[in-house]
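Colleague: Quick one: the structure is below, and I'll ask about it shortly.
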Amino acid sequence: MRTVTLIKGDGIGPEITEAALQVIDAAGVKIKWEEVSAGEGAIKEFGTPLPPAAIDSLRKNGIGLKGPLTTPIGSGFRSINVALRMELDLYANLRPSKSFPGVRSRYEDIDLVVVRENTEDLYSGVEHMVGKDAAESIKIITRRASERIARFAFEYAVKNNRKKVTAVHKANILKLSDGLFLETARSVAEQYPRIEFEDRIVDNMAMQLVQKPELYDVMVMPNLYGDILSDLCAGLVGGLGLVPGANIGDEAALFEPVHGSAPKYAGKNYVNPSAMIMAAVLMLQYMGEEEAARRIESALADQIRAGKDLTGDLGGSAGTSEMAAALAARLR
Ligand code: NAD
């Protein structure tokens, strides 16, 4: 039986995690969960939001499922999510956005994948004040990180029968940093002649995704553009409650919903557990449990299409736990 690290997370994290565990169990996958503390709870218990035990567990098991973590504002703590990605070198952030029939949104057949570089760019944490009245945040782009993220995107495209990779950048203005990213993506693309390659400037990409999303397939980009455009893609399929993310490195992988800890809904049994359940689907695919992953995804699609036992954001009146229980019943 595979051991998987479990971080339930803050705010709505524990409720949506409970939902995902129930669904995985109902799909018949046996997992030994190793629960570790991180986030707000860990600050109270251990004085740090990211105790070494959490990192050690992820390193040992090589795989984790995680609820959202609150980043305390102005407390001096760095984002725990960013720290986790850096510590474990989880360099690829994979964010697929796919339409669920029955969910009201502007488009019905979206199938987009954002591959976001996860370790550098403006998230490198190199910031300082210049005197009292100016601040500098340094954008770091390296050939090594650009190369491996471009390769990840092309390998993903090959394995998943995707046709095209689009590199997103602002190389017209950021000639050196984004220029290096683009030049590196172009040279990786030459090694994948069967996958179409093109590039787009990020502002144009944002408009194109809103107007003509059907033209795009897999998109690869530096960290900040990936952060923003993956939320845009989530918006195209009906919101944050549906979209999962995977943070993947050579030694470990961590699966989570794209959304945050939504503190105002914590403990209210209100939010949609689908993003967390879809994060579990990505995790099961990664573990080779393809059949269980496919069953969960299609049962969730069926439940959404049927329009019953759904949370408020999906137009229903069920709570988080009722939606999960109904999904688990479909799988048993
Ligand atoms: P959020 O995603 O937590 O919530 C924004 C809004 O989106 C909510 O108020 C709610 O209306 C909606 N929403 C989010 N999840 C939903 C769900 N499952 N079902 C239905 N509606 C849902 O974003 P925020 O308020 O900007 O951030 C709250 C905290 O989460 C912050 O501390 C932030 O740093 C953290 N955060 C963590 C992660 C992560 O752990 N990966 C990601 C994003 C934000």
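Note on naming: chains are A, B, ... as they come in the structure tokens, residues start from 1 per chain, ligands start from 1 in the order shown.
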Under the rule of at most 6 Å, produce a per-residue listing of chain A near ligand 1: chain, number, name, the closest pair of atoms, and the distance in Å, as JSON lines, using only C-alpha atoms and all ligand atoms.

Modeller:
{"residue": "A:Pro68", "atom": "CA", "partner": "ligand 1", "partner_atom_place_in_ligand_line": "40 (O)", "distance": 3.2}
{"residue": "A:Leu69", "atom": "CA", "partner": "ligand 1", "partner_atom_place_in_ligand_line": "40 (O)", "distance": 3.9}
{"residue": "A:Thr70", "atom": "CA", "partner": "ligand 1", "partner_atom_place_in_ligand_line": "32 (O)", "distance": 3.4}
{"residue": "A:Thr71", "atom": "CA", "partner": "ligand 1", "partner_atom_place_in_ligand_line": "32 (O)", "distance": 4.0}
{"residue": "A:Pro72", "atom": "CA", "partner": "ligand 1", "partner_atom_place_in_ligand_line": "32 (O)", "distance": 6.0}
{"residue": "A:Asn81", "atom": "CA", "partner": "ligand 1", "partner_atom_place_in_ligand_line": "40 (O)", "distance": 5.8}
{"residue": "A:Leu240", "atom": "CA", "partner": "ligand 1", "partner_atom_place_in_ligand_line": "15 (N)", "distance": 5.5}
{"residue": "A:Gly241", "atom": "CA", "partner": "ligand 1", "partner_atom_place_in_ligand_line": "17 (C)", "distance": 3.8}
{"residue": "A:Val258", "atom": "CA", "partner": "ligand 1", "partner_atom_place_in_ligand_line": "42 (C)", "distance": 5.7}
{"residue": "A:His259", "atom": "CA", "partner": "ligand 1", "partner_atom_place_in_ligand_line": "2 (O)", "distance": 3.7}
{"residue": "A:Gly260", "atom": "CA", "partner": "ligand 1", "partner_atom_place_in_ligand_line": "3 (O)", "distance": 3.1}
{"residue": "A:Ser261", "atom": "CA", "partner": "ligand 1", "partner_atom_place_in_ligand_line": "3 (O)", "distance": 4.0}
{"residue": "A:Ala262", "atom": "CA", "partner": "ligand 1", "partner_atom_place_in_ligand_line": "3 (O)", "distance": 3.3}
{"residue": "A:Val271", "atom": "CA", "partner": "ligand 1", "partner_atom_place_in_ligand_line": "19 (N)", "distance": 3.9}
{"residue": "A:Asn272", "atom": "CA", "partner": "ligand 1", "partner_atom_place_in_ligand_line": "19 (N)", "distance": 3.8}
{"residue": "A:Pro273", "atom": "CA", "partner": "ligand 1", "partner_atom_place_in_ligand_line": "18 (N)", "distance": 5.5}
{"residue": "A:Asp313", "atom": "CA", "partner": "ligand 1", "partner_atom_place_in_ligand_line": "20 (C)", "distance": 5.6}

Colleague: Need to verify the contact set: Ala83 (chain A), 12 Å, only C-alpha atoms, exclusion of same-chain residues closer than 2 positions in sequence. Can you return it as a compact mmCIF listing (two decimals) with N, CA, C and O atoms, in the first residue's frame?

Modeller:
# COMPACT_ATOMS: atom_id res chain seq x y z
N ALA A 38 0.91 21.69 8.91
CA ALA A 38 1.53 22.87 8.28
C ALA A 38 0.50 23.98 8.29
O ALA A 38 -0.69 23.72 8.42
N GLY A 39 0.96 25.22 8.17
CA GLY A 39 0.02 26.33 8.12
C GLY A 39 -0.27 26.91 9.49
O GLY A 39 0.55 26.81 10.42
N PRO A 49 5.14 27.84 10.35
CA PRO A 49 4.07 27.30 9.51
C PRO A 49 4.51 26.09 8.68
O PRO A 49 3.68 25.40 8.11
N LEU A 50 5.83 25.88 8.63
CA LEU A 50 6.30 24.74 7.84
C LEU A 50 7.32 23.94 8.64
O LEU A 50 8.54 24.06 8.44
N PRO A 51 6.86 23.09 9.58
CA PRO A 51 7.79 22.32 10.40
C PRO A 51 8.59 21.34 9.54
O PRO A 51 8.08 20.83 8.55
N PRO A 52 9.84 21.07 9.93
CA PRO A 52 10.68 20.16 9.15
C PRO A 52 10.01 18.80 8.94
O PRO A 52 10.23 18.16 7.91
N ALA A 54 7.06 18.11 8.07
CA ALA A 54 6.22 18.12 6.87
C ALA A 54 7.09 17.91 5.63
O ALA A 54 6.77 17.09 4.75
N ILE A 55 8.19 18.63 5.56
CA ILE A 55 9.13 18.50 4.43
C ILE A 55 9.71 17.08 4.41
O ILE A 55 9.77 16.44 3.34
N LEU A 69 -3.38 26.53 2.20
CA LEU A 69 -2.78 27.06 3.42
C LEU A 69 -2.89 28.58 3.41
O LEU A 69 -2.63 29.22 2.39
N THR A 71 -1.67 32.21 4.05
CA THR A 71 -0.40 32.91 4.22
C THR A 71 -0.66 34.12 5.10
O THR A 71 -1.36 35.04 4.68
N PHE A 77 6.22 35.74 7.94
CA PHE A 77 6.36 34.42 7.34
C PHE A 77 6.24 34.53 5.83
O PHE A 77 5.38 35.23 5.31
N ARG A 78 7.09 33.82 5.13
CA ARG A 78 6.95 33.74 3.67
C ARG A 78 5.76 32.87 3.34
O ARG A 78 5.30 32.11 4.18
N SER A 79 5.30 32.92 2.09
CA SER A 79 4.23 32.00 1.70
C SER A 79 4.72 30.57 1.89
O SER A 79 5.78 30.17 1.41
N ILE A 80 3.91 29.78 2.61
CA ILE A 80 4.28 28.39 2.86
C ILE A 80 4.25 27.60 1.56
O ILE A 80 5.03 26.68 1.35
N ASN A 81 3.32 27.98 0.69
CA ASN A 81 3.20 27.27 -0.59
C ASN A 81 4.46 27.48 -1.43
O ASN A 81 5.00 26.54 -1.98
N ARG A 85 7.32 24.59 -2.43
CA ARG A 85 7.73 24.35 -3.83
C ARG A 85 9.24 24.51 -3.98
O ARG A 85 9.88 23.73 -4.68
N MET A 86 9.80 25.49 -3.29
CA MET A 86 11.25 25.74 -3.39
C MET A 86 12.03 24.63 -2.69
O MET A 86 12.99 24.10 -3.22
N GLU A 87 11.62 24.30 -1.43
CA GLU A 87 12.34 23.29 -0.63
C GLU A 87 12.44 21.97 -1.37
O GLU A 87 13.46 21.31 -1.34
N LEU A 88 11.34 21.56 -2.00
CA LEU A 88 11.30 20.24 -2.64
C LEU A 88 11.60 20.33 -4.14
O LEU A 88 11.52 19.33 -4.84
N ASP A 89 11.94 21.54 -4.60
CA ASP A 89 12.22 21.77 -6.02
C ASP A 89 11.09 21.21 -6.90
O ASP A 89 11.33 20.48 -7.87
N LEU A 90 9.86 21.58 -6.53
CA LEU A 90 8.69 21.15 -7.32
C LEU A 90 8.55 22.16 -8.46
O LEU A 90 7.79 23.11 -8.37
N TYR A 91 9.31 21.94 -9.51
CA TYR A 91 9.51 23.03 -10.48
C TYR A 91 8.38 23.21 -11.48
O TYR A 91 8.29 24.25 -12.14
N ASN A 118 7.75 27.08 -11.50
CA ASN A 118 7.32 27.18 -10.10
C ASN A 118 8.40 27.64 -9.13
O ASN A 118 8.14 27.69 -7.94
N THR A 119 9.62 27.90 -9.62
CA THR A 119 10.71 28.11 -8.65
C THR A 119 11.41 29.46 -8.74
O THR A 119 12.23 29.77 -7.89
N GLU A 120 11.15 30.22 -9.81
CA GLU A 120 11.93 31.47 -9.90
C GLU A 120 11.05 32.64 -10.34
O GLU A 120 9.96 32.80 -9.84
N TYR A 123 9.06 35.27 -7.89
CA TYR A 123 8.80 34.54 -6.65
C TYR A 123 10.09 34.07 -5.98
O TYR A 123 10.04 33.31 -5.03
N SER A 124 11.24 34.52 -6.51
CA SER A 124 12.51 34.07 -5.94
C SER A 124 12.73 34.66 -4.55
O SER A 124 13.61 34.22 -3.82
N GLY A 125 11.97 35.65 -4.18
CA GLY A 125 12.07 36.23 -2.83
C GLY A 125 13.25 37.19 -2.71
O GLY A 125 13.69 37.49 -1.61

Colleague: Which residues come within 8 Å of Ser146 (chain A), counting only C-alpha atoms, excluding same-chain residues fewer than 3 positions away, as a list in words?

Modeller: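 With the cut-off at 8 Å, the set is Glu117, Ile141, Thr142, Arg143, Ile149, Ala150, Leu180, Phe181, Thr184, Ala185 and Pro222 of chain A.
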
Colleague: Could you give me the residues within region 201-248 of chain A that DSSP places in strand (DSSP E), as a ChimeraX atom specification?

Modeller: /A:201,218-221,244-248

Colleague: Within 7 Å of Ile195 (chain A), counting only C-alpha atoms, which residues show up once you throw out same-chain ones fewer than 6 positions away? Write them as a ChimeraX atom specification, please.

Modeller: /A:163-165

Colleague: For the residues in that selection, give me N, CA, C and O atoms as a PDB file, in the first residue's frame.

Modeller:
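In the end it all went to again.pdb:
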ATOM      1  N   LYS A 163      -1.690  18.623 -29.003  1.00  0.00           N
ATOM      2  CA  LYS A 163      -1.155  18.964 -30.331  1.00  0.00           C
ATOM      3  C   LYS A 163      -0.165  20.126 -30.314  1.00  0.00           C
ATOM      4  O   LYS A 163       0.701  20.215 -31.159  1.00  0.00           O
ATOM      5  N   LYS A 164      -0.364  21.058 -29.363  1.00  0.00           N
ATOM      6  CA  LYS A 164       0.374  22.316 -29.481  1.00  0.00           C
ATOM      7  C   LYS A 164       0.862  22.818 -28.125  1.00  0.00           C
ATOM      8  O   LYS A 164       0.172  22.661 -27.123  1.00  0.00           O
ATOM      9  N   VAL A 165       2.045  23.413 -28.125  1.00  0.00           N
ATOM     10  CA  VAL A 165       2.551  24.103 -26.930  1.00  0.00           C
ATOM     11  C   VAL A 165       2.751  25.578 -27.294  1.00  0.00           C
ATOM     12  O   VAL A 165       3.362  25.898 -28.311  1.00  0.00           O
TER      13      VAL A 165
END

Colleague: Residues at most 8 Å from Arg330 (chain A), counting only C-alpha atoms, excluding those fewer than 3 positions away in the same chain, as a count of residues only?

Modeller: 3
